[in-house]
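Source file: data04.cif. Holds: mmCIF, C-alpha atoms.
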```cif
data_my_file
loop_
_atom_site.label_atom_id
_atom_site.label_comp_id
_atom_site.auth_asym_id
_atom_site.auth_seq_id
_atom_site.Cartn_x
_atom_site.Cartn_y
_atom_site.Cartn_z
CA MET A 1 213.31 -193.93 51.48
CA ALA A 2 216.71 -195.42 52.28
CA GLU A 3 216.64 -199.13 51.51
CA ARG A 4 218.94 -201.65 53.07
CA PRO A 5 220.29 -204.38 50.81
CA GLU A 6 218.31 -206.97 52.79
CA ASP A 7 215.09 -205.17 51.95
CA LEU A 8 215.68 -205.25 48.26
CA ASN A 9 214.11 -208.35 46.88
CA LEU A 10 212.98 -209.40 43.45
CA PRO A 11 209.31 -209.90 42.60
CA ASN A 12 208.00 -213.22 43.89
CA ALA A 13 205.82 -213.85 40.86
CA VAL A 14 208.75 -213.62 38.47
CA ILE A 15 211.04 -215.72 40.64
CA THR A 16 208.35 -218.38 40.97
CA ARG A 17 207.80 -218.48 37.23
CA ILE A 18 211.48 -218.89 36.53
CA ILE A 19 211.72 -221.73 39.05
CA LYS A 20 208.65 -223.48 37.69
CA GLU A 21 209.93 -223.31 34.14
CA ALA A 22 213.28 -224.74 35.21
CA LEU A 23 211.70 -227.76 36.87
CA PRO A 24 209.73 -230.63 35.34
CA ASP A 25 205.94 -230.41 35.15
CA GLY A 26 204.13 -231.38 38.30
CA VAL A 27 206.95 -230.31 40.60
CA ASN A 28 206.00 -227.83 43.30
CA ILE A 29 207.95 -225.54 45.48
CA SER A 30 207.30 -224.71 49.10
CA LYS A 31 206.91 -221.11 50.14
CA GLU A 32 210.02 -221.33 52.29
CA ALA A 33 212.10 -222.73 49.45
CA ARG A 34 210.89 -220.06 47.05
CA SER A 35 211.60 -217.37 49.58
CA ALA A 36 215.08 -218.74 50.15
CA ILE A 37 215.77 -218.78 46.41
CA SER A 38 214.55 -215.21 46.11
CA ARG A 39 216.90 -214.09 48.87
CA ALA A 40 219.73 -216.05 47.27
CA ALA A 41 219.03 -214.25 44.01
CA SER A 42 219.35 -210.86 45.72
CA VAL A 43 222.61 -211.93 47.31
CA PHE A 44 223.76 -213.10 43.90
CA VAL A 45 223.17 -209.64 42.45
CA LEU A 46 224.99 -207.94 45.30
CA TYR A 47 227.94 -210.31 45.08
CA ALA A 48 228.13 -210.14 41.29
CA THR A 49 227.97 -206.35 41.44
CA SER A 50 230.83 -206.20 43.87
CA CYS A 51 232.87 -208.59 41.73
CA ALA A 52 232.09 -206.67 38.56
CA ASN A 53 232.99 -203.43 40.23
CA ASN A 54 236.45 -204.75 40.97
CA PHE A 55 236.98 -205.28 37.26
CA ALA A 56 235.75 -201.77 36.50
CA MET A 57 238.15 -200.33 39.05
CA LYS A 58 240.99 -202.37 37.59
CA GLY A 59 240.17 -200.80 34.25
CA LYS A 60 240.16 -197.38 35.94
CA ARG A 61 236.52 -196.90 35.00
CA LYS A 62 233.80 -195.50 37.17
CA THR A 63 230.99 -197.06 35.23
CA LEU A 64 230.25 -200.75 35.45
CA ASN A 65 229.79 -202.17 32.01
CA ALA A 66 228.50 -205.43 30.57
CA GLY A 67 232.01 -206.78 30.16
CA ASP A 68 232.67 -206.32 33.86
CA VAL A 69 229.61 -208.38 34.68
CA LEU A 70 230.74 -211.14 32.33
CA SER A 71 234.18 -211.13 33.92
CA ALA A 72 232.50 -211.37 37.30
CA MET A 73 230.60 -214.47 36.17
CA GLU A 74 233.87 -216.18 35.30
CA GLU A 75 235.38 -215.10 38.59
CA MET A 76 232.39 -216.50 40.46
CA GLU A 77 232.76 -219.82 38.62
CA PHE A 78 229.63 -219.36 36.54
CA GLN A 79 231.49 -219.57 33.23
CA ARG A 80 228.66 -221.52 31.69
CA PHE A 81 226.52 -218.39 31.96
CA VAL A 82 228.85 -216.37 29.77
CA ALA A 83 227.80 -217.68 26.34
CA PRO A 84 224.02 -217.35 26.88
CA LEU A 85 224.57 -213.94 28.44
CA LYS A 86 226.48 -212.76 25.40
CA GLU A 87 223.64 -213.91 23.18
CA SER A 88 221.08 -212.10 25.29
CA LEU A 89 223.23 -208.99 25.20
CA GLU A 90 223.28 -209.03 21.41
CA VAL A 91 219.50 -209.18 21.28
CA TYR A 92 219.27 -206.42 23.85
CA ARG A 93 221.65 -204.18 21.91
CA ARG A 94 219.68 -204.63 18.70
CA GLU A 95 216.50 -203.81 20.60
CA GLN A 96 217.96 -200.66 22.09
CA LYS A 97 219.26 -199.56 18.71
CA GLY A 98 215.78 -199.99 17.26
CA LYS A 99 214.27 -197.92 20.04
CA LYS A 100 216.79 -195.14 19.59
CA GLU A 101 216.13 -194.93 15.90
CA ALA A 102 212.40 -194.81 16.44
CA ARG A 103 212.93 -191.96 18.86
CA LYS A 104 215.16 -190.09 16.44
CA ASP A 105 212.50 -190.29 13.76
CA LYS A 106 210.00 -188.85 16.18
CA ASP A 107 212.40 -186.07 17.05
CA LYS A 108 213.04 -185.31 13.39
CA LYS A 109 209.34 -184.74 12.88
CA ALA A 110 209.19 -182.49 15.90
CA ASP A 111 212.19 -180.62 14.48
CA SER A 112 210.61 -179.73 11.18
CA GLU A 113 207.57 -178.42 12.97
CA GLU A 114 209.68 -176.22 15.19
CA GLN A 115 211.75 -174.68 12.44
CA ASP A 116 208.92 -172.23 12.06
CA LYS A 117 209.69 -170.83 15.49
CA SER A 118 212.56 -168.47 16.30
CA ARG A 119 216.20 -169.67 16.40
CA GLU A 120 216.55 -168.96 20.09
CA GLU A 121 213.69 -171.21 20.93
CA ASP A 122 215.24 -173.91 18.82
CA ASN A 123 218.45 -173.84 20.83
CA ASP A 124 216.56 -174.09 24.08
CA ASP A 125 214.58 -176.97 22.70
CA ASP A 126 217.78 -178.72 21.67
CA ASP A 127 218.98 -178.61 25.24
CA GLU A 128 215.66 -179.84 26.54
CA ARG A 129 215.62 -182.65 24.06
CA MET A 130 219.08 -183.78 25.10
CA GLU A 131 218.05 -183.91 28.70
CA GLU A 132 214.94 -185.75 27.71
CA GLU A 133 216.97 -188.29 25.81
CA GLU A 134 219.14 -188.92 28.82
CA GLN A 135 216.10 -189.41 30.95
CA ASN A 136 214.60 -191.65 28.36
CA ASP A 137 217.76 -193.71 28.38
CA GLU A 138 217.35 -194.10 32.10
CA GLU A 139 213.75 -195.10 31.69
CA GLU A 140 214.46 -197.43 28.82
CA VAL A 141 216.54 -199.57 31.16
CA ASP A 142 213.50 -200.58 33.05
CA ASN A 143 211.48 -201.41 29.99
CA MET B 1 201.74 -206.27 36.73
CA ALA B 2 200.92 -207.12 40.33
CA ALA B 3 204.63 -207.29 41.02
CA ALA B 4 205.20 -203.90 39.46
CA ALA B 5 202.44 -202.32 41.48
CA ALA B 6 204.01 -203.59 44.68
CA VAL B 7 207.25 -201.71 44.13
CA PRO B 8 207.44 -198.53 46.15
CA GLY B 9 209.74 -195.96 44.75
CA PRO B 10 211.06 -194.74 41.45
CA GLY B 11 208.64 -193.42 38.88
CA PRO B 12 205.68 -194.73 36.94
CA ALA B 13 207.89 -195.31 33.91
CA GLU B 14 210.08 -197.71 35.81
CA ALA B 15 207.19 -199.54 37.42
CA ALA B 16 205.26 -199.94 34.20
CA ALA B 17 207.52 -202.26 32.31
CA PRO B 18 207.89 -205.77 33.70
CA GLY B 19 204.40 -206.96 32.77
CA GLU B 20 205.06 -206.54 29.08
CA GLU B 21 208.17 -208.64 28.99
CA ALA B 22 206.85 -211.17 31.45
CA ALA B 23 203.89 -211.72 29.14
CA GLY B 24 205.97 -214.26 27.30
CA ALA B 25 206.56 -212.16 24.21
CA GLY B 26 209.98 -212.48 22.65
CA PRO B 27 212.31 -215.39 22.03
CA GLN B 28 212.56 -218.25 24.52
CA GLY B 29 215.86 -219.68 25.61
CA PRO B 30 219.16 -217.93 26.27
CA ALA B 31 218.53 -214.97 24.00
CA ARG B 32 215.27 -213.93 25.63
CA LEU B 33 214.69 -210.51 27.14
CA ALA B 34 214.97 -210.07 30.87
CA ARG B 35 211.99 -211.03 32.98
CA LEU B 36 213.25 -209.51 36.16
CA PRO B 37 212.46 -205.81 36.32
CA LEU B 38 215.63 -203.88 35.60
CA ALA B 39 214.59 -201.18 38.08
CA ARG B 40 214.82 -203.60 40.99
CA VAL B 41 218.11 -205.04 39.83
CA LYS B 42 219.42 -201.50 39.47
CA ALA B 43 218.31 -200.71 43.03
CA LEU B 44 220.41 -203.63 44.28
CA VAL B 45 223.41 -202.44 42.26
CA LYS B 46 223.06 -198.96 43.73
CA ALA B 47 223.01 -200.42 47.23
CA ASP B 48 226.74 -201.05 46.87
CA PRO B 49 228.53 -197.96 48.22
CA ASP B 50 231.59 -198.65 46.04
CA VAL B 51 229.62 -198.55 42.82
CA THR B 52 229.49 -195.15 41.14
CA LEU B 53 227.55 -195.90 37.99
CA ALA B 54 226.35 -198.89 36.06
CA SER B 55 225.52 -198.89 32.38
CA GLN B 56 222.09 -200.05 31.20
CA GLU B 57 223.75 -203.01 29.57
CA ALA B 58 225.45 -203.99 32.81
CA VAL B 59 222.12 -203.95 34.65
CA PHE B 60 220.55 -205.99 31.89
CA VAL B 61 223.30 -208.63 31.94
CA LEU B 62 223.04 -208.82 35.72
CA ALA B 63 219.30 -209.38 35.46
CA ARG B 64 219.75 -212.17 32.93
CA ALA B 65 222.56 -213.72 34.98
CA THR B 66 220.32 -213.72 38.03
CA GLU B 67 217.62 -215.52 36.09
CA LEU B 68 220.14 -218.15 35.00
CA PHE B 69 221.25 -218.43 38.62
CA VAL B 70 217.68 -219.02 39.81
CA GLU B 71 217.20 -221.73 37.18
CA THR B 72 220.47 -223.35 38.16
CA ILE B 73 219.92 -223.39 41.89
CA ALA B 74 216.35 -224.63 41.50
CA LYS B 75 217.51 -227.53 39.35
CA ASP B 76 220.40 -228.38 41.67
CA ALA B 77 218.11 -228.34 44.70
CA TYR B 78 215.58 -230.49 42.92
CA VAL B 79 218.10 -233.33 42.74
CA TYR B 80 217.83 -233.57 46.52
CA ALA B 81 214.05 -233.55 46.44
CA GLN B 82 214.19 -236.43 43.99
CA GLN B 83 216.52 -238.32 46.31
CA GLY B 84 213.93 -237.86 49.01
CA LYS B 85 211.28 -239.08 46.56
CA ARG B 86 209.41 -235.80 46.83
CA LYS B 87 207.77 -233.70 44.17
CA THR B 88 207.88 -230.58 46.24
CA LEU B 89 211.06 -228.61 46.53
CA GLN B 90 211.70 -227.77 50.15
CA ARG B 91 214.00 -225.45 52.02
CA LYS B 92 216.25 -228.30 53.08
CA ASP B 93 216.84 -229.25 49.44
CA LEU B 94 218.17 -225.78 48.91
CA ASP B 95 220.34 -225.95 52.00
CA ASN B 96 221.77 -229.24 50.81
CA ALA B 97 222.55 -227.87 47.37
CA ILE B 98 224.24 -224.80 48.82
CA GLU B 99 226.40 -226.87 51.08
CA ALA B 100 227.36 -229.38 48.42
CA ILE B 101 228.08 -227.12 45.48
CA ASP B 102 231.18 -224.92 45.41
CA GLU B 103 229.69 -222.17 43.28
CA PHE B 104 227.04 -221.58 45.95
CA ALA B 105 229.55 -221.10 48.73
CA PHE B 106 228.95 -217.35 48.69
CA LEU B 107 225.44 -218.05 49.98
CA GLU B 108 226.53 -219.72 53.16
#
```
Entire entry expressed as structure tokens:
Amino acid sequence: MAERPEDLNLPNAVITRIIKEALPDGVNISKEARSAISRAASVFVLYATSCANNFAMKGKRKTLNAGDVLSAMEEMEFQRFVAPLKESLEVYRREQKGKKEARKDKDKKADSEEQDKSREEDNDDDDERMEEEEQNDEEEVDN
Amino acid sequence: MAAAAAVPGPGPAEAAAPGEEAAGAGPQGPARLARLPLARVKALVKADPDVTLASQEAVFVLARATELFVETIAKDAYVYAQQGKRKTLQRKDLDNAIEAIDEFAFLE
């Protein structure tokens, strides 16, 4: 299951769509060119990650955060990406907040149903729910 | 959908998502949601041995940045296709753009 960085590519269909939307109508792209862009995109991620990680380490943090990625963009001379990225991030944060609150409402309902059970069971369920939330956070990323 | 099915690896939850966002729902322009599947971007991030952890937000911003990068490089390469009076972007247009533009030096 070990994947080498070279093996990790991004879905062709998505890459193609992004390219097509960036170019005027009627413009085509050869398979080789699309493939090369896809590989370049993977390299971009790897390079940006490495750059961002340097900023995290400078800040003595072990977790890469959004700010590190933005700093990496400036470092890589893609400053013009920073403003649109910040906008996207705002939308994303609002989205995530909405999802969390929806989940909490669901949990609250589950709670009131479980209050009928014994206390001990409740504590166990609390722990399970916390783990679940963490997992859900992981899964939410890929939504 | 097809793209998601092709991904070997993590779990059904991670594979399920991209189709929904790729369907074109959500705002267009800079504030749109990511089209690239965050799971794949995350896999690339994890490939770096120096990286311990990355927040969800970091992966998201990376995904969006990559999309902007793809748009940028496609447009820059297209200039060369136009010079060659072609309507099809070819590999050499990309090579030319990479050589000519400083920001793409990391690709050489």
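Distance-wise, atom CA of A:Gln96 and atom CA of A:Ile15 end up 24.9 Å apart.
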Which residue out of A:Lys62, A:Arg17, A:Arg39, A:Lys99 has the minimum interatomic distance to chain B when only C-alpha atoms are used?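 Closest residue, counting only C-alpha atoms: A:Lys62.
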Which residues, written as a VMD selection string, have at least one atom at most 8 Å from B:Val59, with only C-alpha atoms counted and residues fewer than 5 positions away on the same chain left out? (chain A and resid 66 141) or (chain B and resid 38 41 to 42 45 54)
Suppose a student applies the PyMOL selection byres ((chain A) within 7 of (chain B)) to this structure; what residues should they get, written as number ranges by chain? A: 5, 8, 10-11, 13-14, 18-19, 22-23, 27-30, 32-33, 37, 40-41, 44-46, 49, 53, 62-66, 69, 76-77, 81, 84-85, 87-89, 91-92, 139, 141-143
Rounded to one decimal in Å, what is the spacing between atom CA of A:Gly98 and atom CA of A:Ser71? 27.2 Å
Atom-to-atom span, atom CA of B:Glu99 and atom CA of A:Ser42, Å: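 Between atom CA of B:Glu99 and atom CA of A:Ser42 the gap is 18.3 Å.
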